[in-house]
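As provided, structure-v4.txt (compact mmCIF, C-alpha atoms) reads as follows.
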```
# COMPACT_ATOMS: atom_id res chain seq x y z
CA MET A 1 -19.20 -11.31 -2.75
CA ASN A 2 -19.52 -7.55 -2.95
CA PHE A 3 -16.48 -5.67 -1.78
CA LYS A 4 -14.61 -2.43 -2.45
CA ILE A 5 -10.89 -1.60 -2.26
CA ARG A 6 -10.19 2.05 -1.40
CA ALA A 7 -7.61 4.34 0.17
CA ALA A 8 -7.79 4.29 3.96
CA LYS A 9 -9.13 7.35 5.81
CA LYS A 10 -8.28 8.53 9.33
CA ASP A 11 -11.57 7.00 10.55
CA ASP A 12 -10.36 3.56 9.47
CA SER A 13 -7.51 3.61 12.01
CA LYS A 14 -9.37 1.53 14.61
CA ASP A 15 -10.20 -1.14 12.02
CA ILE A 16 -6.63 -1.12 10.66
CA SER A 17 -5.33 -1.53 14.21
CA ARG A 18 -7.70 -4.48 14.75
CA LEU A 19 -6.49 -6.14 11.53
CA ILE A 20 -2.82 -5.51 12.43
CA MET A 21 -3.43 -7.33 15.72
CA GLU A 22 -5.16 -10.23 13.93
CA LEU A 23 -2.15 -10.61 11.64
CA ALA A 24 0.27 -10.37 14.58
CA VAL A 25 -1.65 -13.19 16.31
CA TYR A 26 -1.30 -15.25 13.12
CA GLU A 27 2.46 -14.42 13.06
CA LYS A 28 2.53 -15.73 16.67
CA MET A 29 3.82 -12.36 17.97
CA PRO A 30 0.85 -10.40 19.40
CA ASP A 31 2.95 -9.02 22.26
CA ARG A 32 5.18 -7.26 19.74
CA VAL A 33 2.46 -4.81 18.68
CA MET A 34 3.47 -1.56 20.38
CA ILE A 35 1.28 0.97 18.63
CA SER A 36 -2.46 1.60 18.72
CA TYR A 37 -4.94 3.28 16.38
CA LYS A 38 -3.81 6.64 17.83
CA GLU A 39 -0.28 6.29 16.39
CA LEU A 40 -1.76 5.18 13.06
CA GLU A 41 -3.98 8.28 13.03
CA ARG A 42 -1.03 10.54 13.81
CA ASP A 43 1.50 8.89 11.48
CA GLY A 44 -0.67 8.01 8.49
CA PHE A 45 -3.09 10.87 8.11
CA SER A 46 -1.19 14.09 8.75
CA SER A 47 0.24 16.43 6.10
CA ASN A 48 3.40 14.30 6.04
CA PRO A 49 2.21 10.68 6.16
CA PHE A 50 4.72 7.90 6.91
CA PHE A 51 2.68 5.19 5.28
CA GLN A 52 -0.01 4.62 2.69
CA CYS A 53 -2.86 2.21 3.27
CA LEU A 54 -5.56 0.48 1.28
CA VAL A 55 -8.58 -1.11 2.92
CA ALA A 56 -11.08 -3.70 1.71
CA GLU A 57 -14.63 -2.99 2.74
CA VAL A 58 -17.83 -5.05 2.47
CA PRO A 59 -21.37 -3.60 2.59
CA GLU A 60 -23.38 -3.83 5.84
CA GLU A 61 -25.33 -6.91 4.74
CA ASN A 62 -22.08 -8.89 4.24
CA LYS A 63 -20.62 -8.14 7.69
CA SER A 64 -18.39 -10.84 9.18
CA LYS A 65 -18.56 -13.22 6.24
CA GLU A 66 -15.48 -14.94 4.77
CA GLY A 67 -14.49 -13.35 1.48
CA GLN A 68 -13.13 -14.72 -1.77
CA GLY A 69 -10.76 -12.83 -4.00
CA ILE A 70 -10.33 -9.90 -1.59
CA GLY A 71 -6.63 -10.58 -1.00
CA LYS A 72 -6.08 -10.83 -4.74
CA SER A 73 -7.85 -7.48 -5.29
CA LEU A 74 -5.86 -5.77 -2.57
CA MET A 75 -2.66 -7.05 -4.15
CA SER A 76 -3.81 -5.88 -7.57
CA LYS A 77 -4.49 -2.38 -6.25
CA VAL A 78 -1.07 -2.24 -4.56
CA ALA A 79 0.55 -3.28 -7.86
CA GLN A 80 -1.45 -0.53 -9.63
CA VAL A 81 -0.13 2.08 -7.20
CA GLY A 82 3.39 0.79 -7.86
CA LYS A 83 2.81 1.07 -11.60
CA GLU A 84 1.44 4.63 -11.35
CA LYS A 85 4.41 5.74 -9.26
CA GLN A 86 6.84 4.08 -11.68
CA CYS A 87 8.29 1.75 -9.08
CA VAL A 88 10.74 -0.85 -10.34
CA ARG A 89 9.73 -3.53 -7.91
CA LEU A 90 7.84 -4.50 -4.79
CA GLN A 91 9.76 -5.89 -1.81
CA LEU A 92 8.39 -7.64 1.22
CA LEU A 93 9.53 -9.71 4.16
CA MET A 94 7.94 -12.97 5.20
CA ARG A 95 8.54 -15.56 7.89
CA ASP A 96 9.94 -18.81 6.55
CA TRP A 97 7.20 -20.93 8.14
CA ASN A 98 4.34 -18.87 6.66
CA THR A 99 3.55 -21.26 3.81
CA PRO A 100 0.08 -19.92 2.89
CA SER A 101 1.54 -16.44 2.37
CA LEU A 102 4.67 -17.74 0.65
CA ASP A 103 2.46 -19.70 -1.79
CA PHE A 104 0.23 -16.64 -2.40
CA TYR A 105 3.16 -14.38 -3.33
CA VAL A 106 5.24 -16.96 -5.19
CA ALA A 107 2.18 -17.66 -7.38
CA LYS A 108 2.31 -13.96 -8.30
CA GLY A 109 5.98 -14.11 -9.27
CA ALA A 110 7.73 -13.26 -6.00
CA GLN A 111 11.33 -14.46 -5.74
CA ASP A 112 12.98 -15.43 -2.47
CA LEU A 113 16.08 -13.21 -2.44
CA THR A 114 17.25 -14.62 0.87
CA ALA A 115 17.47 -18.06 -0.77
CA SER A 116 18.83 -16.96 -4.16
CA GLU A 117 21.16 -14.09 -3.13
CA GLY A 118 21.68 -14.57 0.60
CA TRP A 119 20.10 -11.32 1.77
CA HIS A 120 19.61 -11.09 5.53
CA PHE A 121 17.40 -8.60 7.33
CA LEU A 122 19.13 -6.80 10.21
CA ARG A 123 17.93 -4.40 12.84
CA PHE A 124 19.20 -1.94 15.44
CA ASP A 125 16.48 -1.17 17.94
CA GLY A 126 15.82 -0.06 21.49
CA GLU A 127 18.98 -0.22 23.57
CA ALA A 128 21.25 -1.06 20.62
CA LEU A 129 20.01 2.00 18.72
CA ASP A 130 20.40 4.32 21.73
CA LYS A 131 23.88 3.00 22.41
CA LEU A 132 24.93 3.59 18.82
CA ALA A 133 23.56 7.13 18.92
CA ASN A 134 25.26 8.01 22.20
CA GLU A 135 28.65 6.36 21.94
CA ALA A 136 31.73 7.74 20.21
CA SER A 137 33.22 5.63 17.40
CA ILE A 138 34.22 2.14 18.50
CA ASP A 139 36.96 1.23 16.00
CA MET B 1 44.39 11.09 8.09
CA ALA B 2 41.33 11.77 10.24
CA ASN B 3 40.04 14.89 8.59
CA PHE B 4 36.56 14.41 7.20
CA ILE B 5 33.13 15.91 7.58
CA LEU B 6 29.71 14.35 7.30
CA ARG B 7 26.99 16.54 5.85
CA LYS B 8 23.56 16.32 4.30
CA ALA B 9 23.79 15.67 0.58
CA GLU B 10 22.77 18.46 -1.79
CA SER B 11 21.68 18.26 -5.43
CA LYS B 12 25.26 19.09 -6.51
CA ASP B 13 26.37 15.78 -4.90
CA VAL B 14 24.21 13.59 -7.15
CA SER B 15 27.00 12.74 -9.61
CA ASP B 16 29.26 11.66 -6.71
CA ILE B 17 26.43 9.62 -5.15
CA LEU B 18 25.82 7.90 -8.50
CA ARG B 19 29.57 7.17 -8.81
CA LEU B 20 29.66 5.61 -5.30
CA ILE B 21 26.47 3.58 -5.93
CA LYS B 22 28.03 2.12 -9.10
CA VAL B 23 31.27 1.23 -7.27
CA SER B 24 29.45 -0.32 -4.30
CA LYS B 25 27.12 -2.49 -6.40
CA VAL B 26 28.86 -5.15 -8.46
CA GLY B 27 26.86 -5.38 -11.72
CA ASP B 28 23.09 -5.71 -11.13
CA MET B 29 20.92 -2.61 -11.38
CA VAL B 30 22.05 0.67 -12.83
CA GLN B 31 20.63 3.90 -11.46
CA HIS B 32 20.21 6.98 -13.59
CA PHE B 33 21.42 10.47 -12.73
CA VAL B 34 18.09 12.07 -13.65
CA ASP B 35 16.07 9.68 -11.47
CA LEU B 36 18.49 10.08 -8.56
CA LEU B 37 18.29 13.87 -8.81
CA GLU B 38 14.51 14.04 -9.16
CA ASP B 39 13.82 11.34 -6.57
CA GLY B 40 16.12 12.84 -3.94
CA PHE B 41 15.91 16.56 -4.52
CA GLY B 42 12.57 17.11 -6.22
CA ASP B 43 9.28 18.18 -4.62
CA HIS B 44 8.83 14.83 -2.91
CA PRO B 45 12.14 13.29 -1.78
CA PHE B 46 12.03 9.50 -1.80
CA TYR B 47 15.34 9.20 -0.01
CA HIS B 48 17.72 11.17 2.24
CA CYS B 49 21.47 11.09 2.01
CA PHE B 50 24.61 11.95 4.00
CA VAL B 51 27.99 12.26 2.32
CA ALA B 52 31.49 12.04 3.79
CA GLU B 53 33.83 14.67 2.41
CA VAL B 54 37.59 15.13 2.81
CA PRO B 55 39.51 18.38 2.24
CA LYS B 56 41.00 18.95 -1.24
CA ASP B 57 44.54 18.16 -0.07
CA GLN B 58 43.38 14.66 0.98
CA GLN B 59 41.40 13.84 -2.16
CA SER B 60 41.33 10.29 -3.56
CA SER B 61 43.85 9.06 -6.12
CA GLU B 62 41.37 10.04 -8.88
CA GLY B 63 40.72 13.46 -7.34
CA TYR B 64 37.42 12.92 -5.51
CA THR B 65 36.60 14.67 -2.22
CA VAL B 66 33.26 12.93 -1.62
CA VAL B 67 34.47 9.55 -0.35
CA GLY B 68 31.46 7.91 1.29
CA PHE B 69 27.69 8.09 1.53
CA ALA B 70 24.65 6.68 3.26
CA MET B 71 21.20 6.62 1.68
CA TYR B 72 18.17 6.12 3.92
CA TYR B 73 14.46 6.77 4.09
CA PHE B 74 11.65 6.64 6.57
CA THR B 75 9.28 3.76 6.48
CA TYR B 76 6.64 2.23 8.75
CA ASP B 77 6.16 -0.93 10.74
CA PRO B 78 2.55 -1.69 11.73
CA TRP B 79 3.78 -3.05 15.09
CA ILE B 80 6.21 -0.33 16.18
CA GLY B 81 5.60 2.71 14.01
CA LYS B 82 8.21 4.91 12.33
CA LEU B 83 11.42 3.26 11.16
CA LEU B 84 14.60 4.45 9.54
CA TYR B 85 15.52 2.15 6.67
CA LEU B 86 19.18 2.21 5.69
CA GLU B 87 19.24 1.49 1.98
CA ASP B 88 22.87 1.99 1.00
CA PHE B 89 26.07 2.64 2.92
CA TYR B 90 29.53 2.81 1.34
CA VAL B 91 33.02 4.21 2.01
CA MET B 92 35.69 4.15 -0.72
CA GLU B 93 38.32 1.47 -0.03
CA GLU B 94 41.25 3.85 0.28
CA PHE B 95 39.37 5.78 3.00
CA ARG B 96 38.44 2.84 5.23
CA GLY B 97 39.80 2.29 8.71
CA PHE B 98 39.61 5.97 9.68
CA GLY B 99 36.28 5.86 11.47
CA ILE B 100 34.20 7.27 8.62
CA GLY B 101 31.85 4.25 8.55
CA SER B 102 31.39 4.33 12.33
CA GLN B 103 30.66 8.04 12.26
CA ILE B 104 28.10 7.62 9.47
CA LEU B 105 26.35 4.89 11.47
CA LYS B 106 26.37 7.11 14.56
CA VAL B 107 24.82 10.04 12.68
CA LEU B 108 22.19 7.71 11.21
CA SER B 109 21.24 6.35 14.63
CA GLU B 110 21.12 9.90 16.05
CA THR B 111 18.78 10.81 13.19
CA ALA B 112 16.62 7.78 13.96
CA VAL B 113 16.38 8.69 17.65
CA LYS B 114 15.74 12.39 16.94
CA THR B 115 12.89 11.60 14.54
CA ARG B 116 11.33 9.18 17.04
CA CYS B 117 12.02 6.05 15.02
CA SER B 118 11.85 2.87 17.11
CA SER B 119 14.32 1.04 14.98
CA MET B 120 16.80 1.14 12.12
CA HIS B 121 16.44 -1.69 9.57
CA PHE B 122 18.60 -2.75 6.65
CA ILE B 123 19.54 -5.76 4.56
CA VAL B 124 22.98 -7.27 4.07
CA ALA B 125 24.10 -10.12 1.84
CA GLU B 126 25.16 -13.09 3.98
CA ASN B 127 28.48 -13.47 2.13
CA ASN B 128 29.35 -9.88 3.05
CA THR B 129 30.94 -11.06 6.29
CA GLN B 130 32.88 -7.81 6.74
CA SER B 131 29.67 -5.76 6.86
CA ILE B 132 27.78 -8.29 8.99
CA ASP B 133 30.62 -8.28 11.56
CA PHE B 134 30.70 -4.46 11.49
CA TYR B 135 27.00 -4.29 12.33
CA LYS B 136 26.90 -7.16 14.82
CA ARG B 137 29.86 -5.63 16.75
CA ARG B 138 27.64 -2.61 17.23
CA GLY B 139 24.61 -4.55 18.50
CA ALA B 140 22.60 -5.36 15.37
CA SER B 141 20.37 -8.47 15.35
CA ASP B 142 20.14 -10.70 12.29
CA LEU B 143 16.36 -11.18 12.03
CA SER B 144 16.69 -13.65 9.16
CA LEU B 145 18.60 -16.00 11.46
CA GLU B 146 16.76 -15.18 14.70
CA GLU B 147 13.17 -14.97 13.48
CA GLY B 148 13.15 -16.55 10.02
CA TRP B 149 12.42 -13.38 8.02
CA ARG B 150 13.08 -13.77 4.29
CA LEU B 151 13.26 -11.00 1.69
CA PHE B 152 11.02 -11.37 -1.35
CA ALA B 153 10.80 -9.24 -4.46
CA ILE B 154 8.20 -8.97 -7.21
CA GLN B 155 9.76 -7.36 -10.29
CA LYS B 156 8.04 -4.75 -12.45
CA GLU B 157 7.12 -7.31 -15.16
CA GLU B 158 5.27 -9.49 -12.65
CA LEU B 159 3.69 -6.45 -10.97
CA LEU B 160 2.19 -5.37 -14.30
CA LYS B 161 0.68 -8.84 -14.72
CA ILE B 162 -0.95 -8.50 -11.28
CA THR B 163 -2.53 -5.13 -12.16
CA ALA B 164 -4.24 -6.77 -15.12
CA LYS B 165 -5.95 -9.44 -12.98
```

Taking this structure as input, can you express it in the form of structure tokens?
Amino acid sequence: MNFKIRAAKKDDSKDISRLIMELAVYEKMPDRVMISYKELERDGFSSNPFFQCLVAEVPEENKSKEGQGIGKSLMSKVAQVGKEKQCVRLQLLMRDWNTPSLDFYVAKGAQDLTASEGWHFLRFDGEALDKLANEASID
Amino acid sequence: MANFILRKAESKDVSDILRLIKVSKVGDMVQHFVDLLEDGFGDHPFYHCFVAEVPKDQQSSEGYTVVGFAMYYFTYDPWIGKLLYLEDFYVMEEFRGFGIGSQILKVLSETAVKTRCSSMHFIVAENNTQSIDFYKRRGASDLSLEEGWRLFAIQKEELLKITAK
């Protein structure tokens, strides 16, 4: 299977958006996707990008075929970027029911810090965030 | 005592920030002054920081005027866009109960709203009931409990193995 891993370009935004939606459907939360390819274009490809992105691409003749080893290669490239930038570790969040992904990452040495150290992931958003920003101190 | 200011950290604050990081983290990882300075105040800042400062006449028992800090950075969620990620947040024990923590959180949320972030995310250890209550009182949701999100880490050693594959 012939494929290439490369840095994403602005033109890839529609494809990235399509893949984000596919993953959200898999996560059983497609209605939570609030941004489109336009936001990705604006936020990822300006002079001050808010994210970095790698894409996996297959040649024309391999369109729409299932791939083997692409996920592994993407992961390897991400780890390379981490190494080049002297990062001390890679962190990610996963849903507890997502066994295929859990297996994939655990096989690569990922440790569940929620299980071992009790870390919980919290969020202020929407109304809660606005309220916090507008109100005087509560204590 | 209610006299304190919150301001953006400057490179001269790095030794105080390092001191507060060491106090707030029991054991575990040790940051280095040089990394903290370069990573926060070099050409490409990897984090932003606010510090809480009291006037000289209200300094701590060891003579410090920088008594609290919050470290955050901007990150991205593929579903909702720009996020503010709160990495570290600490107020010295002798200066708690005066509203410094609340004020820091307020400034952080104002920053998030001003920079068009949809959300502010952070992690808390589940045995840190004081902090969890502090955040939940102010409307935070625990996504680990509500949606089953778990935090995973791949350490440098394992990352290097992956690059070789």

If we count only C-alpha atoms, which residues of chain A reach to within 6 Å of chain B? Please list them as a PyMOL selection string.
chain A and resi 33-35+76+79-80+88-96+109-114+118-125+128+132-133+137

Those selected residues, please, written with C-alpha atoms and delivered as an mmCIF file, keeping the file's coordinate frame.
```cif
data_model
loop_
_atom_site.group_PDB
_atom_site.id
_atom_site.type_symbol
_atom_site.label_atom_id
_atom_site.label_comp_id
_atom_site.auth_asym_id
_atom_site.auth_seq_id
_atom_site.Cartn_x
_atom_site.Cartn_y
_atom_site.Cartn_z
ATOM 1 C CA VAL A 33 2.460 -4.810 18.680
ATOM 2 C CA MET A 34 3.470 -1.560 20.380
ATOM 3 C CA ILE A 35 1.280 0.970 18.630
ATOM 4 C CA SER A 76 -3.810 -5.880 -7.570
ATOM 5 C CA ALA A 79 0.550 -3.280 -7.860
ATOM 6 C CA GLN A 80 -1.450 -0.530 -9.630
ATOM 7 C CA VAL A 88 10.740 -0.850 -10.340
ATOM 8 C CA ARG A 89 9.730 -3.530 -7.910
ATOM 9 C CA LEU A 90 7.840 -4.500 -4.790
ATOM 10 C CA GLN A 91 9.760 -5.890 -1.810
ATOM 11 C CA LEU A 92 8.390 -7.640 1.220
ATOM 12 C CA LEU A 93 9.530 -9.710 4.160
ATOM 13 C CA MET A 94 7.940 -12.970 5.200
ATOM 14 C CA ARG A 95 8.540 -15.560 7.890
ATOM 15 C CA ASP A 96 9.940 -18.810 6.550
ATOM 16 C CA GLY A 109 5.980 -14.110 -9.270
ATOM 17 C CA ALA A 110 7.730 -13.260 -6.000
ATOM 18 C CA GLN A 111 11.330 -14.460 -5.740
ATOM 19 C CA ASP A 112 12.980 -15.430 -2.470
ATOM 20 C CA LEU A 113 16.080 -13.210 -2.440
ATOM 21 C CA THR A 114 17.250 -14.620 0.870
ATOM 22 C CA GLY A 118 21.680 -14.570 0.600
ATOM 23 C CA TRP A 119 20.100 -11.320 1.770
ATOM 24 C CA HIS A 120 19.610 -11.090 5.530
ATOM 25 C CA PHE A 121 17.400 -8.600 7.330
ATOM 26 C CA LEU A 122 19.130 -6.800 10.210
ATOM 27 C CA ARG A 123 17.930 -4.400 12.840
ATOM 28 C CA PHE A 124 19.200 -1.940 15.440
ATOM 29 C CA ASP A 125 16.480 -1.170 17.940
ATOM 30 C CA ALA A 128 21.250 -1.060 20.620
ATOM 31 C CA LEU A 132 24.930 3.590 18.820
ATOM 32 C CA ALA A 133 23.560 7.130 18.920
ATOM 33 C CA SER A 137 33.220 5.630 17.400
#
```

What are the centre and the three edge lengths of an axis-aligned box that wraps all atoms of stretch 31-42 of chain A in the file, given that 4 Å is added to every side, written as AutoDock Vina command-line options and rounded to one decimal in Å?
```
--center_x 0.1 --center_y 0.8 --center_z 17.6 --size_x 18.1 --size_y 27.6 --size_z 17.2
```

Residues near B:Phe41, cut-off 12 Å, only C-alpha atoms, skip fewer than 2 positions along chain, as a PDB file with C-alpha atoms, keeping the file's coordinate frame:
```pdb
ATOM      1  CA  LYS B   8      23.560  16.320   4.300  1.00  0.00           C
ATOM      2  CA  ALA B   9      23.790  15.670   0.580  1.00  0.00           C
ATOM      3  CA  GLU B  10      22.770  18.460  -1.790  1.00  0.00           C
ATOM      4  CA  SER B  11      21.680  18.260  -5.430  1.00  0.00           C
ATOM      5  CA  LYS B  12      25.260  19.090  -6.510  1.00  0.00           C
ATOM      6  CA  ASP B  13      26.370  15.780  -4.900  1.00  0.00           C
ATOM      7  CA  VAL B  14      24.210  13.590  -7.150  1.00  0.00           C
ATOM      8  CA  PHE B  33      21.420  10.470 -12.730  1.00  0.00           C
ATOM      9  CA  VAL B  34      18.090  12.070 -13.650  1.00  0.00           C
ATOM     10  CA  ASP B  35      16.070   9.680 -11.470  1.00  0.00           C
ATOM     11  CA  LEU B  36      18.490  10.080  -8.560  1.00  0.00           C
ATOM     12  CA  LEU B  37      18.290  13.870  -8.810  1.00  0.00           C
ATOM     13  CA  GLU B  38      14.510  14.040  -9.160  1.00  0.00           C
ATOM     14  CA  ASP B  39      13.820  11.340  -6.570  1.00  0.00           C
ATOM     15  CA  ASP B  43       9.280  18.180  -4.620  1.00  0.00           C
ATOM     16  CA  HIS B  44       8.830  14.830  -2.910  1.00  0.00           C
ATOM     17  CA  PRO B  45      12.140  13.290  -1.780  1.00  0.00           C
ATOM     18  CA  PHE B  46      12.030   9.500  -1.800  1.00  0.00           C
ATOM     19  CA  TYR B  47      15.340   9.200  -0.010  1.00  0.00           C
ATOM     20  CA  HIS B  48      17.720  11.170   2.240  1.00  0.00           C
ATOM     21  CA  CYS B  49      21.470  11.090   2.010  1.00  0.00           C
TER      22      CYS B  49
END
```

For A:Lys28: contacts at 12 Å, all atoms listed in the file, fewer than 4 positions along chain excluded, given as a PyMOL selection string:
(chain A and resi 21-24+32-33+95+97-98) or (chain B and resi 147)

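The point (-2.0, 10.7, 13.1) has these residues within 12 Å of it when all atoms listed in the file are used: A:Lys9, A:Lys10, A:Asp11, A:Asp12, A:Ser13, A:Lys14, A:Ile35, A:Ser36, A:Tyr37, A:Lys38, A:Glu39, A:Leu40, A:Glu41, A:Arg42, A:Asp43, A:Gly44, A:Phe45, A:Ser46, A:Ser47, A:Asn48, A:Pro49, A:Phe50, A:Phe51, B:Gly81, B:Lys82.
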
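Interatomic distance, atom CA of B:Arg116 to atom CA of A:Asp130: 11.3 Å.
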
Two-atom distance - atom CA of B:Tyr90, atom CA of B:Leu6 (Å):
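Separating atom CA of B:Tyr90 from atom CA of B:Leu6 is a distance of 13.0 Å.
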